[in-house]
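S.K.: Below is start-v1.txt; it holds compact mmCIF, C-alpha atoms and all ligand atoms.
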# COMPACT_ATOMS: atom_id res chain seq x y z
CA MET P 1 -30.14 -7.10 -32.72
CA SER P 2 -28.73 -9.68 -35.19
CA ASP P 3 -29.87 -13.30 -35.38
CA GLU P 4 -26.42 -14.29 -34.27
CA GLN P 5 -26.78 -12.31 -31.02
CA GLN P 6 -30.27 -13.68 -30.26
CA LYS P 7 -29.35 -17.33 -30.76
CA PRO P 8 -28.63 -19.24 -27.56
CA LEU P 9 -24.93 -19.85 -27.25
CA SER P 10 -23.82 -23.18 -28.64
CA ARG P 11 -21.28 -25.14 -26.71
CA ARG P 12 -18.83 -24.81 -29.61
CA LYS P 13 -19.15 -21.00 -29.86
CA PHE P 14 -19.20 -20.62 -26.09
CA ILE P 15 -15.84 -22.27 -25.64
CA GLY P 16 -14.34 -21.05 -28.90
CA GLY P 17 -13.36 -17.59 -27.69
CA SER P 18 -11.80 -18.66 -24.43
CA SER P 19 -8.52 -20.12 -23.43
CA ALA P 20 -10.47 -23.16 -22.24
CA ALA P 21 -10.37 -24.53 -25.79
CA LEU P 22 -6.59 -24.41 -25.82
CA ILE P 23 -6.37 -26.01 -22.42
CA ALA P 24 -8.79 -28.76 -23.48
CA ALA P 25 -6.83 -29.32 -26.71
CA ALA P 26 -3.66 -29.74 -24.71
CA GLY P 27 -5.38 -32.50 -22.77
CA LEU P 28 -5.30 -30.59 -19.49
CA LYS P 29 -8.03 -30.77 -16.90
CA VAL P 30 -10.41 -27.81 -17.21
CA ALA P 31 -11.93 -26.47 -14.02
CA SER P 32 -15.73 -26.51 -14.17
CA ALA P 33 -15.98 -22.90 -12.97
CA GLN P 34 -13.97 -21.76 -15.99
CA GLU P 35 -16.21 -23.72 -18.34
CA THR P 36 -19.37 -22.12 -17.04
CA LYS P 37 -18.00 -18.58 -16.49
CA PRO P 38 -15.46 -17.64 -19.16
CA ARG P 39 -14.02 -14.16 -18.66
CA SER P 40 -11.70 -12.08 -20.78
CA ALA P 41 -9.43 -9.17 -19.93
CA ASP P 42 -11.09 -6.92 -22.54
CA HIS P 43 -14.66 -8.22 -22.01
CA HIS P 44 -15.13 -9.33 -25.62
CA LEU P 45 -16.75 -12.73 -25.06
CA PRO P 46 -20.41 -13.29 -26.07
CA ASN P 47 -21.43 -13.83 -22.43
CA GLU P 48 -19.86 -10.47 -21.54
CA SER P 49 -21.82 -8.44 -24.12
CA ASP P 50 -24.05 -5.73 -22.62
CA PRO P 51 -26.75 -4.70 -25.14
CA GLY P 52 -29.74 -2.51 -24.32
CA VAL P 53 -30.35 0.07 -21.60
CA LYS P 54 -27.33 1.46 -19.75
CA ASN P 55 -26.56 4.25 -17.29
CA ASP P 56 -23.21 5.35 -18.66
CA PRO P 57 -22.31 8.04 -16.05
CA LEU P 58 -23.04 5.70 -13.12
CA ASP P 59 -21.22 2.82 -14.85
CA ALA P 60 -18.20 5.07 -15.36
CA GLU P 61 -18.12 5.79 -11.60
CA ASN P 62 -18.38 2.08 -10.74
CA PRO P 63 -16.04 0.09 -13.00
CA ASP P 64 -15.64 -2.67 -10.39
CA SER P 65 -19.39 -3.23 -10.39
CA VAL P 66 -19.68 -3.26 -14.20
CA TRP P 67 -16.80 -5.75 -14.49
CA SER P 68 -16.10 -7.08 -11.03
CA PRO P 69 -12.74 -8.74 -10.35
CA ALA P 70 -12.89 -12.51 -10.99
CA THR P 71 -12.22 -12.95 -7.27
CA ASP P 72 -15.55 -11.32 -6.30
CA ALA P 73 -18.30 -13.79 -5.43
CA GLY P 74 -21.63 -14.07 -3.67
CA GLY P 75 -24.51 -11.74 -2.88
CA GLN P 76 -22.81 -9.49 -0.35
CA PRO P 77 -25.01 -6.46 0.48
CA PRO P 78 -23.74 -3.03 -0.63
CA PHE P 79 -21.41 -1.11 1.67
CA LYS P 80 -21.51 2.23 -0.13
CA TYR P 81 -23.90 5.19 -0.23
CA SER P 82 -23.27 8.64 -1.62
CA PHE P 83 -24.18 11.91 0.10
CA ALA P 84 -24.99 13.10 -3.44
CA LEU P 85 -28.17 10.95 -3.24
CA SER P 86 -29.30 12.35 0.13
CA HIS P 87 -32.12 14.84 0.65
CA LYS P 88 -30.70 18.29 1.36
CA ARG P 89 -32.63 20.32 3.97
CA ILE P 90 -32.08 23.99 3.15
CA GLU P 91 -32.49 26.69 5.81
CA GLU P 92 -31.74 30.41 6.10
CA GLY P 93 -28.30 29.79 7.64
CA GLY P 94 -27.17 26.86 5.48
CA TRP P 95 -28.12 23.27 4.70
CA THR P 96 -27.65 19.70 5.89
CA ARG P 97 -28.06 16.12 4.66
CA GLN P 98 -27.44 12.72 6.20
CA VAL P 99 -26.60 9.08 5.47
CA THR P 100 -27.97 6.71 8.13
CA VAL P 101 -28.91 3.04 8.53
CA ARG P 102 -32.18 4.00 6.81
CA ASP P 103 -30.17 4.74 3.63
CA LEU P 104 -27.39 2.18 4.01
CA PRO P 105 -28.81 -0.83 5.93
CA ILE P 106 -25.37 -2.30 6.76
CA SER P 107 -24.39 0.87 8.70
CA LYS P 108 -26.01 -0.17 11.98
CA LYS P 109 -23.57 1.45 14.41
CA MET P 110 -22.73 4.78 12.78
CA ALA P 111 -24.35 7.54 10.72
CA GLY P 112 -23.00 10.66 9.04
CA VAL P 113 -24.15 14.22 8.36
CA GLU P 114 -22.77 16.89 6.03
CA MET P 115 -23.53 20.50 6.94
CA ARG P 116 -22.92 23.90 5.38
CA LEU P 117 -23.23 27.04 7.52
CA VAL P 118 -22.97 30.47 5.90
CA SER P 119 -20.95 33.23 7.61
CA GLY P 120 -22.87 33.79 10.86
CA GLY P 121 -25.06 30.71 10.27
CA ILE P 122 -25.86 28.89 13.54
CA ARG P 123 -26.63 25.22 14.09
CA GLU P 124 -29.03 25.72 16.98
CA LEU P 125 -28.02 24.83 20.58
CA HIS P 126 -28.95 21.15 20.93
CA TRP P 127 -27.87 17.71 22.12
CA HIS P 128 -28.47 14.08 21.26
CA VAL P 129 -28.07 10.63 22.81
CA GLY P 130 -25.07 9.58 20.71
CA ALA P 131 -21.62 11.18 20.57
CA GLU P 132 -20.73 13.53 17.69
CA TRP P 133 -17.32 13.36 15.98
CA ALA P 134 -16.64 16.06 13.38
CA LEU P 135 -14.15 16.99 10.69
CA MET P 136 -14.03 20.54 9.29
CA LEU P 137 -13.88 20.23 5.49
CA TYR P 138 -13.91 23.92 4.52
CA GLY P 139 -13.79 27.30 6.25
CA SER P 140 -14.02 27.85 10.00
CA ALA P 141 -16.53 27.78 12.85
CA ARG P 142 -16.98 28.55 16.52
CA ILE P 143 -18.14 25.61 18.62
CA THR P 144 -19.60 25.81 22.13
CA ALA P 145 -20.41 23.10 24.69
CA VAL P 146 -21.00 22.65 28.43
CA ASP P 147 -20.14 19.43 30.31
CA GLU P 148 -21.90 17.69 33.22
CA HIS P 149 -20.04 19.92 35.73
CA GLY P 150 -21.05 23.15 34.02
CA ARG P 151 -17.56 23.59 32.58
CA SER P 152 -17.44 25.38 29.26
CA ASN P 153 -15.73 24.78 25.91
CA VAL P 154 -15.70 27.63 23.39
CA SER P 155 -13.25 27.01 20.50
CA ASP P 156 -12.65 28.16 16.93
CA VAL P 157 -11.89 25.36 14.45
CA LYS P 158 -10.71 25.56 10.86
CA GLU P 159 -10.29 23.25 7.87
CA GLY P 160 -8.76 19.91 8.90
CA ASP P 161 -9.59 20.30 12.61
CA LEU P 162 -11.83 17.92 14.56
CA TRP P 163 -14.19 18.05 17.48
CA LEU P 164 -15.94 15.54 19.70
CA PHE P 165 -19.10 16.20 21.69
CA PRO P 166 -19.86 13.30 24.05
CA GLY P 167 -23.42 11.94 24.06
CA GLY P 168 -25.87 14.15 25.95
CA ILE P 169 -23.54 17.18 26.05
CA PRO P 170 -25.28 20.35 24.73
CA HIS P 171 -23.48 22.22 21.95
CA SER P 172 -23.68 24.62 18.99
CA ILE P 173 -21.74 25.42 15.80
CA GLN P 174 -21.57 28.82 14.10
CA GLY P 175 -19.96 29.59 10.72
CA LEU P 176 -17.28 32.32 10.84
CA GLY P 177 -16.12 34.79 8.19
CA PRO P 178 -15.50 35.24 5.38
CA ASP P 179 -17.57 32.34 3.97
CA GLY P 180 -18.76 30.17 6.84
CA CYS P 181 -17.89 26.49 6.74
CA ARG P 182 -18.73 23.01 5.63
CA PHE P 183 -18.13 19.97 7.82
CA LEU P 184 -18.77 16.28 8.33
CA LEU P 185 -20.38 14.85 11.47
CA VAL P 186 -20.23 11.17 12.44
CA PHE P 187 -22.43 9.63 15.17
CA ASP P 188 -21.97 6.36 17.07
CA ASP P 189 -25.60 5.44 16.32
CA GLY P 190 -26.66 4.17 12.88
CA ASN P 191 -30.24 5.28 13.49
CA PHE P 192 -29.23 8.88 14.31
CA ASN P 193 -31.48 11.61 12.88
CA GLU P 194 -30.10 15.18 12.62
CA PHE P 195 -33.67 16.44 12.09
CA GLU P 196 -34.81 15.08 15.47
CA THR P 197 -32.27 16.28 18.05
CA PHE P 198 -33.09 17.91 21.41
CA LEU P 199 -33.32 21.60 20.48
CA ILE P 200 -33.38 24.40 23.06
CA THR P 201 -36.23 26.29 21.34
CA ASP P 202 -38.29 23.14 20.79
CA TRP P 203 -37.96 22.13 24.46
CA LEU P 204 -38.89 25.55 25.82
CA ALA P 205 -41.83 25.80 23.40
CA HIS P 206 -43.10 22.52 24.88
CA THR P 207 -42.75 23.53 28.54
CA PRO P 208 -45.67 25.35 30.32
CA PRO P 209 -44.74 29.08 30.62
CA GLU P 210 -45.59 29.12 34.35
CA VAL P 211 -43.02 26.34 34.87
CA LEU P 212 -40.36 28.32 32.97
CA ALA P 213 -41.23 31.38 35.10
CA LYS P 214 -40.90 29.38 38.33
CA ASN P 215 -37.66 27.67 37.18
CA PHE P 216 -35.89 31.02 36.73
CA ASN P 217 -37.92 33.13 39.22
CA VAL P 218 -38.91 35.62 36.53
CA PRO P 219 -42.27 36.75 35.07
CA GLU P 220 -43.85 34.51 32.37
CA SER P 221 -43.50 37.39 29.89
CA THR P 222 -39.71 36.91 29.93
CA PHE P 223 -40.18 33.94 27.61
CA ALA P 224 -42.69 35.59 25.28
CA ASN P 225 -40.13 35.76 22.45
CA VAL P 226 -39.11 32.07 22.51
CA PRO P 227 -39.86 30.78 18.97
CA LYS P 228 -42.88 28.47 18.73
CA LYS P 229 -41.05 26.43 16.10
CA GLU P 230 -37.43 25.23 16.03
CA LEU P 231 -34.72 27.48 14.55
CA PHE P 232 -32.50 24.49 13.58
CA ILE P 233 -30.13 26.39 11.21
CA PHE P 234 -30.49 30.18 11.21
CA LYS P 235 -28.40 33.26 10.46
CA ARG P 236 -27.19 35.97 12.85
CA ASP P 237 -24.24 38.37 13.15
CA LEU P 238 -20.77 36.89 13.65
CA PRO P 239 -19.82 36.05 17.26
CA ARG P 240 -17.83 38.39 19.54
CA PRO P 241 -14.04 37.96 20.03
CA LEU P 242 -13.14 34.39 21.12
CA GLU P 243 -11.44 35.38 24.42
CA GLU P 244 -14.42 37.53 25.44
CA GLU P 245 -16.92 34.68 24.87
CA GLN P 246 -14.63 32.09 26.54
CA LYS P 247 -14.17 34.26 29.64
CA GLN P 248 -17.90 34.86 30.07
CA ALA P 249 -18.86 31.20 29.52
CA GLN P 250 -16.20 29.86 31.95
CA ASP P 251 -17.15 32.20 34.79
CA GLY P 252 -17.54 30.29 38.08
CA THR P 253 -16.83 26.77 36.74
CA GLY P 254 -13.81 27.04 34.42
CA PRO P 255 -13.11 25.25 31.15
CA VAL P 256 -13.56 21.54 30.40
CA PRO P 257 -10.41 19.62 31.48
CA HIS P 258 -9.86 18.19 27.99
CA SER P 259 -10.78 20.34 25.00
CA PHE P 260 -13.54 19.00 22.75
CA ALA P 261 -11.56 20.44 19.79
CA PHE P 262 -8.52 18.75 18.23
CA TYR P 263 -6.12 20.61 15.94
CA THR P 264 -5.15 17.96 13.40
CA ASN P 265 -2.98 20.37 11.41
CA GLU P 266 -0.59 20.59 14.37
CA MET P 267 -0.17 16.80 14.56
CA GLN P 268 2.62 14.83 12.84
CA PRO P 269 1.47 11.80 10.80
CA THR P 270 1.34 8.55 12.78
CA LYS P 271 2.83 6.62 9.86
CA VAL P 272 4.51 7.79 6.65
CA SER P 273 5.54 5.72 3.64
CA LYS P 274 6.47 6.69 0.10
CA SER P 275 2.88 5.82 -0.92
CA GLY P 276 1.13 8.07 1.57
CA HIS P 277 0.53 8.78 5.24
CA VAL P 278 -1.99 8.30 8.03
CA LYS P 279 -2.94 10.27 11.12
CA ILE P 280 -4.60 8.24 13.87
CA ILE P 281 -6.62 10.26 16.37
CA ASP P 282 -7.98 8.36 19.34
CA ARG P 283 -8.02 8.64 23.14
CA ASN P 284 -4.22 8.26 23.22
CA ASN P 285 -3.77 11.75 21.74
CA PHE P 286 -7.32 13.22 22.02
CA PRO P 287 -8.38 12.49 25.64
CA ALA P 288 -11.93 13.84 25.21
CA THR P 289 -12.87 11.35 22.49
CA ASN P 290 -14.77 8.08 22.72
CA ILE P 291 -14.64 7.76 18.90
CA ALA P 292 -11.40 6.71 17.16
CA ALA P 293 -10.46 7.87 13.67
CA ALA P 294 -7.78 7.69 11.01
CA ILE P 295 -7.22 10.24 8.25
CA VAL P 296 -5.56 8.41 5.35
CA THR P 297 -3.82 9.91 2.30
CA LEU P 298 -2.87 7.46 -0.47
CA LYS P 299 -0.76 8.67 -3.37
CA PRO P 300 -1.63 7.37 -6.86
CA GLY P 301 -1.01 3.61 -6.88
CA GLY P 302 -0.90 3.48 -3.08
CA LEU P 303 -2.67 0.75 -1.13
CA ARG P 304 -4.04 0.77 2.41
CA GLU P 305 -2.80 -2.75 3.06
CA LEU P 306 -4.99 -5.84 3.62
CA HIS P 307 -6.26 -5.67 7.22
CA TRP P 308 -9.24 -5.80 9.55
CA HIS P 309 -10.36 -4.19 12.82
CA PRO P 310 -10.97 -6.64 15.67
CA ASN P 311 -12.76 -4.23 18.00
CA GLU P 312 -15.39 -2.32 16.00
CA ASP P 313 -17.18 -1.54 12.72
CA GLU P 314 -15.56 1.05 10.42
CA TRP P 315 -17.42 4.03 8.89
CA GLN P 316 -15.64 5.72 5.98
CA TYR P 317 -15.96 9.04 4.21
CA TYR P 318 -14.10 9.81 0.99
CA VAL P 319 -12.83 13.40 0.98
CA GLN P 320 -11.06 13.46 -2.39
CA GLY P 321 -9.78 11.24 -5.21
CA LYS P 322 -10.86 7.83 -6.46
CA GLY P 323 -10.39 4.40 -4.94
CA ARG P 324 -11.76 0.91 -4.66
CA MET P 325 -12.28 -1.45 -1.76
CA THR P 326 -12.90 -5.18 -1.62
CA VAL P 327 -14.56 -6.56 1.52
CA PHE P 328 -14.28 -10.31 2.15
CA SER P 329 -17.11 -11.56 4.36
CA ALA P 330 -16.23 -15.26 4.75
CA GLY P 331 -18.15 -18.16 3.22
CA ALA P 332 -16.40 -17.36 -0.11
CA HIS P 333 -18.21 -13.98 -0.34
CA ALA P 334 -16.28 -10.95 -1.58
CA ARG P 335 -17.39 -7.70 -3.23
CA THR P 336 -15.49 -4.78 -4.72
CA MET P 337 -16.97 -1.26 -4.88
CA ASP P 338 -15.59 2.05 -6.15
CA PHE P 339 -15.50 5.26 -4.11
CA GLU P 340 -15.03 8.97 -4.73
CA GLU P 341 -15.72 12.38 -3.13
CA GLY P 342 -18.71 12.36 -0.77
CA ASP P 343 -19.13 8.56 -0.68
CA VAL P 344 -19.70 6.68 2.56
CA GLY P 345 -18.26 3.19 3.04
CA TYR P 346 -18.98 0.73 5.85
CA ILE P 347 -17.16 -2.42 7.00
CA GLU P 348 -18.45 -4.63 9.79
CA LYS P 349 -16.15 -5.61 12.65
CA SER P 350 -13.37 -8.10 11.75
CA MET P 351 -14.21 -8.22 8.02
CA PRO P 352 -10.96 -7.94 6.03
CA HIS P 353 -10.51 -5.26 3.38
CA TYR P 354 -8.05 -3.06 1.50
CA ILE P 355 -8.41 0.38 -0.11
CA GLU P 356 -6.53 1.10 -3.35
CA ASN P 357 -6.03 4.49 -5.00
CA THR P 358 -7.34 3.92 -8.55
CA GLY P 359 -7.07 7.56 -9.67
CA ASP P 360 -4.24 9.84 -10.73
CA THR P 361 -4.51 12.21 -7.75
CA ASP P 362 -4.16 11.69 -3.99
CA LEU P 363 -6.98 9.68 -2.40
CA VAL P 364 -7.98 11.07 1.01
CA PHE P 365 -10.48 9.23 3.19
CA ILE P 366 -11.33 8.93 6.85
CA GLU P 367 -11.98 5.83 8.93
CA VAL P 368 -14.17 6.29 12.03
CA PHE P 369 -14.81 3.71 14.79
CA PRO P 370 -17.37 3.85 17.65
CA THR P 371 -14.72 3.04 20.26
CA PRO P 372 -12.10 5.15 22.10
CA TYR P 373 -9.06 3.27 20.73
CA TYR P 374 -8.00 2.48 17.18
CA GLN P 375 -7.08 -1.17 16.50
CA ASP P 376 -6.21 -3.15 13.39
CA ILE P 377 -4.58 -6.42 12.36
CA SER P 378 -2.75 -6.55 9.04
CA LEU P 379 -2.34 -9.64 6.90
CA ALA P 380 1.39 -8.93 6.50
CA GLU P 381 1.87 -8.52 10.26
CA TRP P 382 0.07 -11.82 10.88
CA MET P 383 2.20 -13.61 8.28
CA ALA P 384 5.44 -12.10 9.64
CA HIS P 385 4.75 -13.27 13.19
CA THR P 386 3.50 -16.83 12.60
CA PRO P 387 5.94 -19.75 12.22
CA PHE P 388 7.00 -19.55 8.56
CA ARG P 389 6.79 -23.35 8.29
CA LEU P 390 3.09 -23.27 9.23
CA MET P 391 2.25 -20.27 7.04
CA ASN P 392 4.06 -21.81 4.07
CA GLU P 393 2.16 -25.06 4.51
CA HIS P 394 -1.04 -23.05 3.94
CA LEU P 395 0.03 -20.70 1.17
CA GLY P 396 3.05 -22.24 -0.54
CA VAL P 397 4.66 -18.82 -1.03
CA GLY P 398 8.07 -19.99 0.22
CA GLU P 399 9.66 -19.23 3.58
CA ASP P 400 12.06 -16.73 1.95
CA MET P 401 9.13 -14.52 0.96
CA LEU P 402 7.72 -14.70 4.50
CA ALA P 403 11.10 -13.81 6.03
CA LYS P 404 11.24 -10.62 3.93
CA ILE P 405 7.92 -9.19 5.20
CA PRO P 406 8.65 -6.17 7.45
CA LYS P 407 8.25 -7.03 11.13
CA LYS P 408 6.39 -3.78 11.84
CA GLU P 409 2.96 -3.07 10.37
CA MET P 410 3.29 -1.13 7.08
CA VAL P 411 -0.25 0.38 6.90
CA ILE P 412 0.35 2.01 3.50
CA VAL P 413 2.19 0.16 0.71
CA PRO P 414 4.40 0.08 -1.28
CA GLU P 415 6.58 1.32 1.59
MN MN P 501 -24.93 17.83 17.30
MN MN P 502 -9.97 -0.45 7.73
What's the structure tokens form of this structure?
M.R.:
Amino acid sequence: MSDEQQKPLSRRKFIGGSSAALIAAAGLKVASAQETKPRSADHHLPNESDPGVKNDPLDAENPDSVWSPATDAGGQPPFKYSFALSHKRIEEGGWTRQVTVRDLPISKKMAGVEMRLVSGGIRELHWHVGAEWALMLYGSARITAVDEHGRSNVSDVKEGDLWLFPGGIPHSIQGLGPDGCRFLLVFDDGNFNEFETFLITDWLAHTPPEVLAKNFNVPESTFANVPKKELFIFKRDLPRPLEEEQKQAQDGTGPVPHSFAFYTNEMQPTKVSKSGHVKIIDRNNFPATNIAAAIVTLKPGGLRELHWHPNEDEWQYYVQGKGRMTVFSAGAHARTMDFEEGDVGYIEKSMPHYIENTGDTDLVFIEVFPTPYYQDISLAEWMAHTPFRLMNEHLGVGEDMLAKIPKKEMVIVPE
């Protein structure tokens, strides 16, 4: 390091490289914030130098953390965690990993799980307190469930399809041919733990055998083969034909009135613009769900417009591409973070944000809400439906500009 670099910055040198000197020379008033925090577009100022230890790959993934926008301010806690950092539990039939409130403290109301099942791989019959919303990311699977009236749901789902298992409803997932599947699960409980669900083997192994015998009016020896330890994710042959398994499971009680599966590929986008499209899936079009979701595709340069959600927190998963999001949390706090494949984002209820495609390919991400119905409020919609006189008195943008804002919510811009 040179002497020049080690010397404390003199007032003269400090101001010399910034436009503040020019402003001062012109006799204009210089804002104190600019005097104490000079910034340059190409980060060449002495106070922007970055000598010493660096993590170049991580910095390259997070340009808005390395050089945050000048509008960022305050010590807002992080709202991003990557599945790539999660412990992967590997079993005979596949693997799983999770991102919960224990990894990302802000994510109090929702948690996520990624799972891979090989062809024939079974996620053991189980249930949990929270509801499970799922998106198939690759391949195909057979799902099974039984509701509180004994009605059955056996469905095959493929890439892009969804399912919803309400809280307490027992279910299973099995990877189909030729290469099983990989999927995302989202739970309306930040403290969810995929490794501690109610498993059928675990329960029976912890029930006295004479009680099992009495419950089913069979000899105790009937249950001699129940595993002493959970199966969790294990491998078996592929299931029988779908119609055969549906018919047997529905015998006597029939199917569930509203399927727990949703075939997203058959749905038209809810909103299309030249910069992308969005599919909103909530109780309006998926009656079985108590979790609302949006699947958003932003073309390069596209922006999910400035907005917030008045009714619930938002849990995000980035499926492909690169983007950035700024969350404004009031009290002059704002933070920008970068996202890519496998990242989780989280925004608390009513906190405004935008998502911008910063890459050169489509950005695809999902928004999930622990509520049956999707709701949002956009900045543009608010501005378009407030007296222009009043809005202009706040922002000084001119009433002509306000009059040109589309009257209907845009969602994805430029339109
Ligand atoms: Mn489950
Ligand atoms: Mn949002």
S.K.: Pick from P:Leu185, P:Ala70, P:Val154, P:Ile90: nearest to ligand MN 501 (chain P), with all atoms listed in the file counted?
M.R.: P:Leu185
S.K.: Pick out the closest residue to ligand MN 502 (chain P) from this set: P:Asp360, P:Asp400, P:Glu314, P:Glu393. Count only C-alpha atoms and all ligand atoms.
M.R.: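 Checking each candidate against ligand MN 502 (chain P), we get P:Glu314 as the closest.
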S.K.: Got a sec: who's within 9 Å of Leu104 in chain P, counting all atoms listed in the file, leaving out chain neighbours fewer than 3 positions off, as a list in words?
M.R.: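 Contacts, in chain order: Pro78, Phe79, Lys80, Tyr81, Val99, Thr100, Val101, Ser107, Lys108 and Tyr346 of chain P.
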S.K.: Would you mind reading off the distance between CA of His126 in chain P and CA of Gly93 in chain P, one decimal, in Å?
M.R.: 15.9 Å
S.K.: Find the residues near Asn62 in chain P: any atom within 9 Å, counting all atoms listed in the file, skip ones fewer than 4 places away on the same chain, and give them as a list in words.
M.R.: Pro57, Leu58, Val66, Trp67, Met337, Asp338 and Phe339 of chain P
S.K.: For a quick check of understanding, using only C-alpha atoms, which of P:Ala60, P:Ser68, P:Gly359, P:Ala84 has the smallest distance to His43 in chain P?
M.R.: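 Smallest separation from His43 in chain P among the options: P:Ser68.
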S.K.: Find the residues near Ser275 in chain P: any atom within 12 Å, counting all atoms listed in the file, skip ones fewer than 3 places away on the same chain, and give them as a list in words.
M.R.: Lys271, Val272, Val278, Val296, Thr297, Leu298, Lys299, Pro300, Gly301, Gly302, Leu303, Arg304, Glu305, Glu356, Asn357, Thr361, Asp362, Leu363, Met410, Val411, Ile412, Val413, Pro414 and Glu415 of chain P
S.K.: Please identify all protein, DNA and RNA residues within 7 Å of ligand MN 502 (chain P), counting only C-alpha atoms and all ligand atoms, and report them as a ChimeraX atom specification.
M.R.: /P:307-309,314,353,367
S.K.: Go through P:Val129, P:Ile281, P:Cys181, P:Ala249 one by one, measure the shortest atom-to-atom distance of each to ligand MN 501 (chain P) using only C-alpha atoms and all ligand atoms, and give the residue with the smallest value.
M.R.: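 The shortest atom-to-atom distance to ligand MN 501 (chain P) comes from P:Val129.
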S.K.: What do you get as a list in words if you pick all residues at most 7 Å from ligand MN 501 (chain P), counting only C-alpha atoms and all ligand atoms?
M.R.: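 If we count only C-alpha atoms and all ligand atoms, the neighbours of ligand MN 501 (chain P) turn out to be His126, Trp127, His128, Glu132 and His171 of chain P.
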S.K.: Can you tell me how far CA of Ala292 in chain P sits from CA of Ile280 in chain P, in Å to one decimal?
M.R.: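 Distance reported for this atom pair: 7.7 Å.
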S.K.: Contacts of Thr264 in chain P at 8 Å or less, counting all atoms listed in the file, minus same-chain residues fewer than 5 places along, as a list in words?
M.R.: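 That gives Gly160, Asp161 and Leu162 of chain P.
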S.K.: Residues at most 10 Å from range 285-291 of chain P, counting all atoms listed in the file, excluding those fewer than 2 positions away in the same chain, as a VMD selection string?
M.R.: chain P and resid 131 to 133 162 to 167 186 to 188 256 to 263 267 280 to 283 293 368 to 374
S.K.: Between CA of Ala205 in chain P and CA of Asp251 in chain P, what is the distance in Å, rounded to a tenth?
M.R.: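 Distance reported for this atom pair: 27.9 Å.
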S.K.: In terms of the shortest atom-to-atom distance over all atoms listed in the file, which of P:Gly190, P:Gly75, P:Gly139, P:Gly177 is closest to Arg102 in chain P?
M.R.: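 Selected residue with least distance to Arg102 in chain P: P:Gly190.
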